[in-house]
>>> print(open('protein34.cif').read())   # mmCIF, C-alpha atoms
data_structure
loop_
_atom_site.label_atom_id
_atom_site.label_comp_id
_atom_site.auth_asym_id
_atom_site.auth_seq_id
_atom_site.Cartn_x
_atom_site.Cartn_y
_atom_site.Cartn_z
CA MET A 1 -15.85 -10.37 35.03
CA SER A 2 -15.10 -12.33 31.85
CA ASP A 3 -11.70 -13.84 31.02
CA THR A 4 -11.30 -11.39 28.13
CA ALA A 5 -11.96 -8.44 30.42
CA ASN A 6 -9.45 -9.77 32.98
CA VAL A 7 -6.79 -10.11 30.30
CA GLU A 8 -7.46 -6.62 29.01
CA GLN A 9 -7.31 -5.22 32.55
CA ARG A 10 -3.96 -6.88 33.20
CA ARG A 11 -2.66 -5.73 29.84
CA THR A 12 -3.53 -2.09 30.41
CA ALA A 13 -2.60 -1.96 34.08
CA GLY A 14 0.35 0.18 34.98
CA ARG A 15 2.35 2.48 32.81
CA SER A 16 2.16 1.82 29.07
CA VAL A 17 5.37 0.77 27.31
CA PRO A 18 6.52 3.55 24.92
CA PRO A 19 6.18 2.55 21.24
CA THR A 20 9.92 2.84 20.52
CA ARG A 21 10.78 0.61 23.46
CA ALA A 22 8.06 -1.87 22.54
CA LEU A 23 9.33 -1.97 18.95
CA ALA A 24 12.93 -2.53 20.06
CA LEU A 25 11.91 -5.25 22.51
CA THR A 26 9.88 -7.08 19.88
CA TYR A 27 12.66 -6.73 17.31
CA ARG A 28 15.23 -8.34 19.64
CA VAL A 29 12.94 -11.18 20.67
CA VAL A 30 11.81 -12.01 17.14
CA LEU A 31 15.29 -11.69 15.63
CA ARG A 32 16.64 -14.15 18.18
CA GLN A 33 13.74 -16.48 17.46
CA LEU A 34 14.15 -16.37 13.68
CA ALA A 35 17.93 -16.60 13.50
CA SER A 36 18.28 -20.35 13.96
CA ARG A 37 21.40 -21.83 12.38
CA GLY A 38 19.56 -24.51 10.41
CA ARG A 39 17.06 -22.06 8.92
CA ILE A 40 19.75 -19.59 7.87
CA ILE A 41 21.98 -22.27 6.33
CA ALA A 42 19.11 -23.84 4.38
CA LEU A 43 17.79 -20.55 3.01
CA THR A 44 21.26 -19.26 2.18
CA ALA A 45 21.94 -22.47 0.24
CA LEU A 46 18.70 -21.93 -1.68
CA ALA A 47 19.62 -18.34 -2.51
CA LEU A 48 23.13 -19.30 -3.66
CA VAL A 49 21.58 -21.36 -6.45
CA SER A 50 20.96 -18.07 -8.25
CA THR A 51 24.61 -17.06 -7.90
CA VAL A 52 25.80 -20.36 -9.32
CA ALA A 53 23.33 -20.04 -12.19
CA GLY A 54 24.50 -16.48 -12.86
CA PHE A 55 28.12 -17.62 -12.97
CA ALA A 56 27.25 -20.42 -15.42
CA LEU A 57 25.37 -17.95 -17.60
CA GLY A 58 28.29 -15.56 -17.62
CA GLN A 59 30.68 -18.31 -18.64
CA ALA A 60 28.41 -19.06 -21.59
CA ASP A 61 28.51 -15.41 -22.75
CA ALA A 62 24.74 -15.10 -22.57
CA ASP A 63 23.01 -11.91 -23.68
CA LEU A 64 21.04 -9.38 -21.62
CA GLU A 65 17.72 -11.14 -22.15
CA ALA A 66 19.06 -14.40 -20.75
CA GLY A 67 20.37 -12.59 -17.68
CA VAL A 68 17.06 -10.81 -17.11
CA ARG A 69 15.11 -14.03 -17.43
CA LEU A 70 17.41 -15.79 -14.98
CA VAL A 71 17.13 -13.06 -12.35
CA SER A 72 13.39 -12.57 -12.75
CA GLY A 73 12.56 -16.26 -13.13
CA LEU A 74 14.69 -17.60 -10.29
CA GLY A 75 15.49 -14.69 -8.00
CA PHE A 76 12.15 -12.85 -8.08
CA ALA A 77 9.83 -15.80 -8.67
CA VAL A 78 11.32 -18.25 -6.18
CA ILE A 79 14.15 -17.12 -3.92
CA ILE A 80 12.97 -13.72 -2.68
CA PRO A 81 9.31 -14.68 -2.08
CA VAL A 82 10.09 -18.06 -0.49
CA VAL A 83 12.73 -16.70 1.91
CA SER A 84 10.47 -13.74 2.73
CA LEU A 85 7.64 -16.18 3.46
CA VAL A 86 9.73 -18.25 5.85
CA PHE A 87 10.97 -15.27 7.84
CA GLY A 88 7.96 -12.96 7.47
CA GLY A 89 5.35 -15.58 8.32
CA ALA A 90 7.39 -16.97 11.20
CA ALA A 91 8.03 -13.52 12.70
CA ILE A 92 4.69 -13.68 14.52
CA GLY A 93 3.67 -17.23 13.66
CA ASP A 94 6.57 -18.90 15.50
CA LEU A 95 6.00 -16.78 18.60
CA ARG A 96 2.38 -17.88 18.65
CA GLU A 97 3.22 -21.55 18.12
CA ASP A 98 5.74 -21.75 20.97
CA LYS A 99 3.57 -19.61 23.31
CA THR A 100 6.09 -16.74 23.45
CA LEU A 101 3.71 -14.23 21.89
CA VAL A 102 1.44 -14.19 24.94
CA TYR A 103 4.20 -12.59 27.05
CA LEU A 104 4.53 -9.71 24.60
CA TRP A 105 0.78 -9.49 24.02
CA LEU A 106 0.04 -9.08 27.74
CA ARG A 107 2.42 -6.14 28.08
CA PRO A 108 0.73 -2.73 28.25
CA MET A 109 1.73 -1.57 24.78
CA ASP A 110 0.20 -0.84 21.40
CA ARG A 111 -0.04 -3.62 18.86
CA TRP A 112 1.58 -1.82 15.92
CA PRO A 113 5.10 -1.73 17.48
CA LEU A 114 4.85 -5.48 17.99
CA VAL A 115 3.97 -6.05 14.34
CA VAL A 116 6.50 -3.53 12.99
CA GLY A 117 9.26 -4.92 15.21
CA ALA A 118 8.54 -8.44 13.96
CA PHE A 119 8.50 -7.21 10.36
CA LEU A 120 11.84 -5.42 10.79
CA ALA A 121 13.41 -8.55 12.28
CA ALA A 122 12.24 -10.58 9.28
CA LEU A 123 13.51 -7.89 6.93
CA THR A 124 16.91 -7.83 8.65
CA LEU A 125 17.46 -11.50 7.88
CA THR A 126 15.73 -11.72 4.51
CA THR A 127 17.52 -8.79 2.86
CA PRO A 128 21.14 -10.04 2.95
CA ILE A 129 20.23 -13.71 2.46
CA THR A 130 18.32 -12.95 -0.75
CA LEU A 131 19.72 -9.77 -2.25
CA ILE A 132 23.43 -10.52 -2.01
CA PRO A 133 23.21 -13.80 -4.00
CA VAL A 134 20.63 -12.48 -6.48
CA VAL A 135 22.55 -9.27 -7.16
CA ALA A 136 25.73 -11.35 -7.45
CA ALA A 137 23.93 -13.47 -10.06
CA ALA A 138 23.11 -10.32 -12.04
CA VAL A 139 26.76 -9.24 -11.87
CA LEU A 140 28.16 -12.65 -12.80
CA ALA A 141 25.74 -13.06 -15.69
CA GLY A 142 27.71 -10.31 -17.41
CA SER A 143 24.62 -8.59 -18.75
CA GLY A 144 25.66 -5.06 -17.84
CA GLY A 145 25.04 -2.48 -15.14
CA GLY A 146 21.42 -1.93 -16.16
CA LEU A 147 20.43 -5.38 -14.94
CA VAL A 148 22.42 -4.96 -11.72
CA ALA A 149 20.75 -1.64 -10.88
CA ALA A 150 17.34 -3.05 -11.75
CA THR A 151 17.97 -6.06 -9.52
CA VAL A 152 18.95 -3.88 -6.57
CA ILE A 153 15.92 -1.59 -6.85
CA ALA A 154 13.37 -4.31 -7.58
CA GLY A 155 14.92 -6.56 -4.95
CA LEU A 156 14.57 -4.00 -2.17
CA VAL A 157 10.94 -3.34 -3.15
CA ALA A 158 10.19 -7.07 -3.32
CA VAL A 159 11.74 -7.90 0.04
CA ILE A 160 9.86 -5.12 1.83
CA ALA A 161 6.51 -5.95 0.21
CA TYR A 162 6.74 -9.72 0.63
CA CYS A 163 7.93 -9.55 4.24
CA ALA A 164 5.07 -7.20 5.14
CA VAL A 165 2.40 -9.32 3.40
CA PHE A 166 3.70 -12.54 4.91
CA THR A 167 3.90 -10.97 8.36
CA LEU A 168 0.15 -10.39 7.98
CA LEU A 169 -0.29 -14.05 7.02
CA GLY A 170 1.64 -15.09 10.13
CA VAL A 171 -0.71 -13.03 12.29
CA ALA A 172 -3.96 -14.08 10.62
CA LEU A 173 -3.33 -17.74 9.72
CA ARG A 174 -1.78 -20.70 11.49
CA ARG A 175 -0.80 -22.49 8.27
CA PHE A 176 0.89 -19.45 6.80
CA ILE A 177 3.45 -21.51 4.86
CA VAL A 178 0.72 -23.33 2.92
CA TRP A 179 -1.19 -20.15 2.08
CA GLY A 180 2.00 -18.25 1.31
CA LEU A 181 3.23 -20.91 -1.10
CA ALA A 182 -0.21 -20.96 -2.71
CA TYR A 183 0.07 -17.21 -3.29
CA VAL A 184 3.61 -17.40 -4.68
CA LEU A 185 3.32 -20.54 -6.80
CA ILE A 186 -0.34 -20.61 -7.81
CA TRP A 187 -1.59 -17.02 -7.75
CA GLU A 188 1.58 -15.27 -8.97
CA GLY A 189 2.83 -18.22 -11.02
CA PHE A 190 -0.37 -19.10 -12.89
CA ILE A 191 -3.55 -17.19 -12.07
CA ALA A 192 -1.97 -13.72 -12.45
CA LEU A 193 -0.98 -14.62 -16.01
CA GLY A 194 -4.62 -14.95 -16.94
CA GLY A 195 -5.61 -11.28 -16.95
CA ALA A 196 -4.65 -7.73 -16.06
CA GLY A 197 -7.22 -7.51 -13.27
CA VAL A 198 -5.93 -10.36 -11.11
CA ALA A 199 -2.33 -9.51 -11.98
CA ARG A 200 -2.68 -6.23 -10.08
CA PHE A 201 -2.65 -8.30 -6.89
CA ALA A 202 0.67 -9.98 -7.75
CA ILE A 203 3.79 -8.37 -6.27
CA ARG A 204 5.82 -10.08 -8.98
CA LYS A 205 4.09 -7.99 -11.66
CA TYR A 206 5.41 -4.79 -10.11
CA THR A 207 8.97 -5.98 -9.50
CA ARG A 208 9.18 -7.35 -13.05
CA SER A 209 7.95 -3.99 -14.32
CA ILE A 210 10.92 -2.30 -12.63
CA ILE A 211 13.33 -4.70 -14.33
CA VAL A 212 11.68 -4.25 -17.73
CA ASP A 213 11.66 -0.47 -17.39
CA ARG A 214 15.39 -0.33 -16.64
CA THR A 215 16.61 -3.02 -19.06
CA GLY A 216 14.17 -2.83 -21.96
CA VAL A 217 13.80 -6.62 -22.05
CA ASP A 218 10.20 -7.74 -22.55
CA LEU A 219 8.73 -10.01 -19.86
CA ASP A 220 5.27 -11.39 -19.26
CA LEU A 221 3.37 -9.89 -16.32
CA ALA A 222 5.27 -6.59 -16.53
CA ASP A 223 3.57 -3.54 -18.02
CA PHE A 224 3.73 -0.85 -15.34
CA SER A 225 6.11 2.10 -15.14
CA GLN A 226 9.06 1.96 -12.80
CA MET A 227 7.43 4.47 -10.45
CA THR A 228 4.25 2.40 -10.22
CA GLY A 229 6.35 -0.72 -9.73
CA ILE A 230 8.00 0.88 -6.71
CA ILE A 231 5.11 2.76 -5.09
CA VAL A 232 2.31 0.19 -5.24
CA PRO A 233 4.15 -2.71 -3.51
CA LEU A 234 5.43 -0.38 -0.79
CA LEU A 235 1.91 0.93 -0.18
CA ALA A 236 0.65 -2.66 -0.11
CA GLY A 237 3.26 -3.40 2.55
CA VAL A 238 2.08 -0.50 4.71
CA VAL A 239 -1.54 -1.66 4.39
CA ALA A 240 -0.53 -5.23 5.26
CA LEU A 241 1.23 -4.09 8.44
CA ALA A 242 -1.76 -1.93 9.42
CA LEU A 243 -4.10 -4.89 8.93
CA ALA A 244 -1.78 -7.15 10.90
CA SER A 245 -1.77 -4.65 13.80
CA TRP A 246 -5.57 -4.44 13.70
CA ARG A 247 -5.93 -8.22 13.57
CA LEU A 248 -3.48 -8.84 16.40
CA ALA A 249 -5.29 -6.38 18.66
CA ARG A 250 -8.57 -8.30 18.19
CA GLN A 251 -7.52 -11.92 18.38
CA ASP A 252 -7.17 -14.15 21.40
CA ILE A 253 -3.62 -15.25 22.20
CA ASP A 254 -3.02 -18.39 24.24
#
>>> encode(input="protein34.cif", output="structure tokens")
Amino acid sequence: MSDTANVEQRRTAGRSVPPTRALALTYRVVLRQLASRGRIIALTALALVSTVAGFALGQADADLEAGVRLVSGLGFAVIIPVVSLVFGGAAIGDLREDKTLVYLWLRPMDRWPLVVGAFLAALTLTTPITLIPVVAAAVLAGSGGGLVAATVIAGLVAVIAYCAVFTLLGVALRRFIVWGLAYVLIWEGFIALGGAGVARFAIRKYTRSIIVDRTGVDLDLADFSQMTGIIVPLLAGVVALALASWRLARQDID
């Protein structure tokens, strides 16, 4: 009998772990793995840059457009995607690197609870670290409640979509940080500006569209309705998690 067959036999032997229990187990393990003090301090410091910038903008009595450009250009172009990449990619990627994933993988349970549990752990950490400082920047910029509401809605959509997509990267690729940064900085930052077709694959286009729809301030890479800006990234997140589950079920874990 082959090694793969032996592994599969051991994995499926005995009573299968219920999905809810498997999800909760994965969530606890991954959350503990991700929540290192150094990582949280470093990423929180990065996110607080937006709050400081928002305070400085408010002190200068900047207008709504300046506030929108600050939030979209710093919060949604750098802070939210980068923090989501670190946590989302590491949710599975770190477990694989330190050989912890094999212990979960060999348990008799479906693969989707493992992926969803890891995604939820990443989301648990990413959401407060990014949204609290970025929303605070919108408040301190003094640009009005429209920008604050837009930041909350677009921020929630962005965090969910980015964490899901980067969880997939962590499952599929070992150098997920490199590929994730290439997506955020090169694809979304430059290539997506070149045409409407490629821009459809940029999460930033949809989150900016939410902000534009609610504030009326014109931004590049933002021409969808608010509803489209919400629905498409969330659907992309569901697809990413489904692909991650499929990929994890078919790859060898050592």
>>> resolve_selection(input="protein34.cif", expression="the PyMOL selection byres ((chain A and resi 198-202) around 12)", output="number ranges by chain")
A: 76-77, 81, 158, 161-162, 165, 183-197, 203-209, 220-224, 228-229, 232-233, 236
>>> atom_distance(input="protein34.cif", atom1="atom CA of Ser50 of chain A", atom2="atom CA of Gly73 of chain A")
9.9 Å
>>> residues_around(input="protein34.cif", residues="Cys163 of chain A", least_positions_apart="4", cutoff="8 Å", atoms="all atoms listed in the file", output="MDAnalysis selection string")
chainID A and resid 84:85 87:89 119 122:123 159 167 237
>>> atom_distance(input="protein34.cif", atom1="atom CA of Ala47 of chain A", atom2="atom CA of Thr126 of chain A")
10.4 Å
>>> residues_around(input="protein34.cif", residues="Leu147 of chain A", least_positions_apart="4", cutoff="7 Å", atoms="only C-alpha atoms", output="short mmCIF file (atom, residue, chain, number, x, y, z; two decimals) with C-alpha atoms, in the frame of the given file")
data_model
loop_
_atom_site.label_atom_id
_atom_site.label_comp_id
_atom_site.auth_asym_id
_atom_site.auth_seq_id
_atom_site.Cartn_x
_atom_site.Cartn_y
_atom_site.Cartn_z
CA VAL A 68 17.06 -10.81 -17.11
CA ALA A 138 23.11 -10.32 -12.04
CA SER A 143 24.62 -8.59 -18.75
CA THR A 151 17.97 -6.06 -9.52
CA THR A 215 16.61 -3.02 -19.06
#
>>> closest_residue(input="protein34.cif", among="A:Val78, A:Leu64, A:Ile40, A:Val116", to="Pro128 of chain A", atoms="all atoms listed in the file")
A:Ile40
>>> residues_around(input="protein34.cif", residues="Pro18 of chain A", least_positions_apart="6", cutoff="12 Å", atoms="all atoms listed in the file", output="list in words")
Ala24, Leu25, Arg107, Pro108, Met109, Asp110, Arg111, Trp112, Pro113 and Leu114 of chain A
>>> build_atoms(input="protein34.cif", residues="segment 164-187 of chain A", atoms="N, CA, C and O atoms", output="PDB file, in the frame of the given file")
ATOM      1  N   ALA A 164       6.235  -7.822   4.510  1.00  0.00           N
ATOM      2  CA  ALA A 164       5.070  -7.200   5.140  1.00  0.00           C
ATOM      3  C   ALA A 164       3.817  -8.063   4.936  1.00  0.00           C
ATOM      4  O   ALA A 164       3.062  -8.324   5.880  1.00  0.00           O
ATOM      5  N   VAL A 165       3.582  -8.500   3.702  1.00  0.00           N
ATOM      6  CA  VAL A 165       2.400  -9.320   3.400  1.00  0.00           C
ATOM      7  C   VAL A 165       2.448 -10.638   4.159  1.00  0.00           C
ATOM      8  O   VAL A 165       1.438 -11.087   4.725  1.00  0.00           O
ATOM      9  N   PHE A 166       3.614 -11.256   4.228  1.00  0.00           N
ATOM     10  CA  PHE A 166       3.700 -12.540   4.910  1.00  0.00           C
ATOM     11  C   PHE A 166       3.705 -12.394   6.427  1.00  0.00           C
ATOM     12  O   PHE A 166       3.353 -13.344   7.140  1.00  0.00           O
ATOM     13  N   THR A 167       4.090 -11.232   6.935  1.00  0.00           N
ATOM     14  CA  THR A 167       3.900 -10.970   8.360  1.00  0.00           C
ATOM     15  C   THR A 167       2.412 -10.966   8.691  1.00  0.00           C
ATOM     16  O   THR A 167       1.982 -11.495   9.718  1.00  0.00           O
ATOM     17  N   LEU A 168       1.611 -10.359   7.814  1.00  0.00           N
ATOM     18  CA  LEU A 168       0.150 -10.390   7.980  1.00  0.00           C
ATOM     19  C   LEU A 168      -0.363 -11.826   7.972  1.00  0.00           C
ATOM     20  O   LEU A 168      -1.212 -12.197   8.793  1.00  0.00           O
ATOM     21  N   LEU A 169       0.133 -12.646   7.055  1.00  0.00           N
ATOM     22  CA  LEU A 169      -0.290 -14.050   7.020  1.00  0.00           C
ATOM     23  C   LEU A 169       0.048 -14.759   8.329  1.00  0.00           C
ATOM     24  O   LEU A 169      -0.735 -15.567   8.832  1.00  0.00           O
ATOM     25  N   GLY A 170       1.233 -14.471   8.875  1.00  0.00           N
ATOM     26  CA  GLY A 170       1.640 -15.090  10.130  1.00  0.00           C
ATOM     27  C   GLY A 170       0.756 -14.694  11.292  1.00  0.00           C
ATOM     28  O   GLY A 170       0.580 -15.469  12.237  1.00  0.00           O
ATOM     29  N   VAL A 171       0.211 -13.488  11.248  1.00  0.00           N
ATOM     30  CA  VAL A 171      -0.710 -13.030  12.290  1.00  0.00           C
ATOM     31  C   VAL A 171      -2.082 -13.655  12.113  1.00  0.00           C
ATOM     32  O   VAL A 171      -2.717 -14.105  13.068  1.00  0.00           O
ATOM     33  N   ALA A 172      -2.564 -13.702  10.882  1.00  0.00           N
ATOM     34  CA  ALA A 172      -3.960 -14.080  10.620  1.00  0.00           C
ATOM     35  C   ALA A 172      -4.167 -15.585  10.487  1.00  0.00           C
ATOM     36  O   ALA A 172      -5.264 -16.078  10.774  1.00  0.00           O
ATOM     37  N   LEU A 173      -3.137 -16.337  10.044  1.00  0.00           N
ATOM     38  CA  LEU A 173      -3.330 -17.740   9.720  1.00  0.00           C
ATOM     39  C   LEU A 173      -2.295 -18.615  10.412  1.00  0.00           C
ATOM     40  O   LEU A 173      -1.122 -18.242  10.499  1.00  0.00           O
ATOM     41  N   ARG A 174      -2.725 -19.777  10.868  1.00  0.00           N
ATOM     42  CA  ARG A 174      -1.780 -20.700  11.490  1.00  0.00           C
ATOM     43  C   ARG A 174      -0.949 -21.451  10.448  1.00  0.00           C
ATOM     44  O   ARG A 174       0.222 -21.708  10.654  1.00  0.00           O
ATOM     45  N   ARG A 175      -1.541 -21.802   9.320  1.00  0.00           N
ATOM     46  CA  ARG A 175      -0.800 -22.490   8.270  1.00  0.00           C
ATOM     47  C   ARG A 175      -0.331 -21.478   7.224  1.00  0.00           C
ATOM     48  O   ARG A 175      -0.670 -21.556   6.042  1.00  0.00           O
ATOM     49  N   PHE A 176       0.466 -20.535   7.683  1.00  0.00           N
ATOM     50  CA  PHE A 176       0.890 -19.450   6.800  1.00  0.00           C
ATOM     51  C   PHE A 176       1.792 -19.937   5.671  1.00  0.00           C
ATOM     52  O   PHE A 176       1.792 -19.358   4.583  1.00  0.00           O
ATOM     53  N   ILE A 177       2.560 -20.988   5.911  1.00  0.00           N
ATOM     54  CA  ILE A 177       3.450 -21.510   4.860  1.00  0.00           C
ATOM     55  C   ILE A 177       2.624 -22.029   3.685  1.00  0.00           C
ATOM     56  O   ILE A 177       2.936 -21.755   2.510  1.00  0.00           O
ATOM     57  N   VAL A 178       1.560 -22.764   3.981  1.00  0.00           N
ATOM     58  CA  VAL A 178       0.720 -23.330   2.920  1.00  0.00           C
ATOM     59  C   VAL A 178       0.070 -22.212   2.105  1.00  0.00           C
ATOM     60  O   VAL A 178       0.112 -22.218   0.863  1.00  0.00           O
ATOM     61  N   TRP A 179      -0.523 -21.241   2.781  1.00  0.00           N
ATOM     62  CA  TRP A 179      -1.190 -20.150   2.080  1.00  0.00           C
ATOM     63  C   TRP A 179      -0.186 -19.254   1.355  1.00  0.00           C
ATOM     64  O   TRP A 179      -0.457 -18.755   0.262  1.00  0.00           O
ATOM     65  N   GLY A 180       0.977 -19.057   1.956  1.00  0.00           N
ATOM     66  CA  GLY A 180       2.000 -18.250   1.310  1.00  0.00           C
ATOM     67  C   GLY A 180       2.521 -18.891   0.044  1.00  0.00           C
ATOM     68  O   GLY A 180       2.696 -18.229  -0.985  1.00  0.00           O
ATOM     69  N   LEU A 181       2.775 -20.191   0.096  1.00  0.00           N
ATOM     70  CA  LEU A 181       3.230 -20.910  -1.100  1.00  0.00           C
ATOM     71  C   LEU A 181       2.140 -20.919  -2.169  1.00  0.00           C
ATOM     72  O   LEU A 181       2.436 -20.838  -3.373  1.00  0.00           O
ATOM     73  N   ALA A 182       0.887 -21.012  -1.740  1.00  0.00           N
ATOM     74  CA  ALA A 182      -0.210 -20.960  -2.710  1.00  0.00           C
ATOM     75  C   ALA A 182      -0.233 -19.612  -3.418  1.00  0.00           C
ATOM     76  O   ALA A 182      -0.455 -19.535  -4.634  1.00  0.00           O
ATOM     77  N   TYR A 183       0.029 -18.546  -2.669  1.00  0.00           N
ATOM     78  CA  TYR A 183       0.070 -17.210  -3.290  1.00  0.00           C
ATOM     79  C   TYR A 183       1.228 -17.108  -4.274  1.00  0.00           C
ATOM     80  O   TYR A 183       1.064 -16.640  -5.401  1.00  0.00           O
ATOM     81  N   VAL A 184       2.415 -17.540  -3.849  1.00  0.00           N
ATOM     82  CA  VAL A 184       3.610 -17.400  -4.680  1.00  0.00           C
ATOM     83  C   VAL A 184       3.561 -18.302  -5.911  1.00  0.00           C
ATOM     84  O   VAL A 184       3.821 -17.852  -7.042  1.00  0.00           O
ATOM     85  N   LEU A 185       3.227 -19.570  -5.708  1.00  0.00           N
ATOM     86  CA  LEU A 185       3.320 -20.540  -6.800  1.00  0.00           C
ATOM     87  C   LEU A 185       2.066 -20.605  -7.668  1.00  0.00           C
ATOM     88  O   LEU A 185       2.167 -20.780  -8.892  1.00  0.00           O
ATOM     89  N   ILE A 186       0.899 -20.472  -7.047  1.00  0.00           N
ATOM     90  CA  ILE A 186      -0.340 -20.610  -7.810  1.00  0.00           C
ATOM     91  C   ILE A 186      -0.859 -19.260  -8.292  1.00  0.00           C
ATOM     92  O   ILE A 186      -1.091 -19.056  -9.487  1.00  0.00           O
ATOM     93  N   TRP A 187      -1.027 -18.322  -7.348  1.00  0.00           N
ATOM     94  CA  TRP A 187      -1.590 -17.020  -7.750  1.00  0.00           C
ATOM     95  C   TRP A 187      -0.616 -16.262  -8.665  1.00  0.00           C
ATOM     96  O   TRP A 187      -0.951 -15.886  -9.787  1.00  0.00           O
TER      97      TRP A 187
END
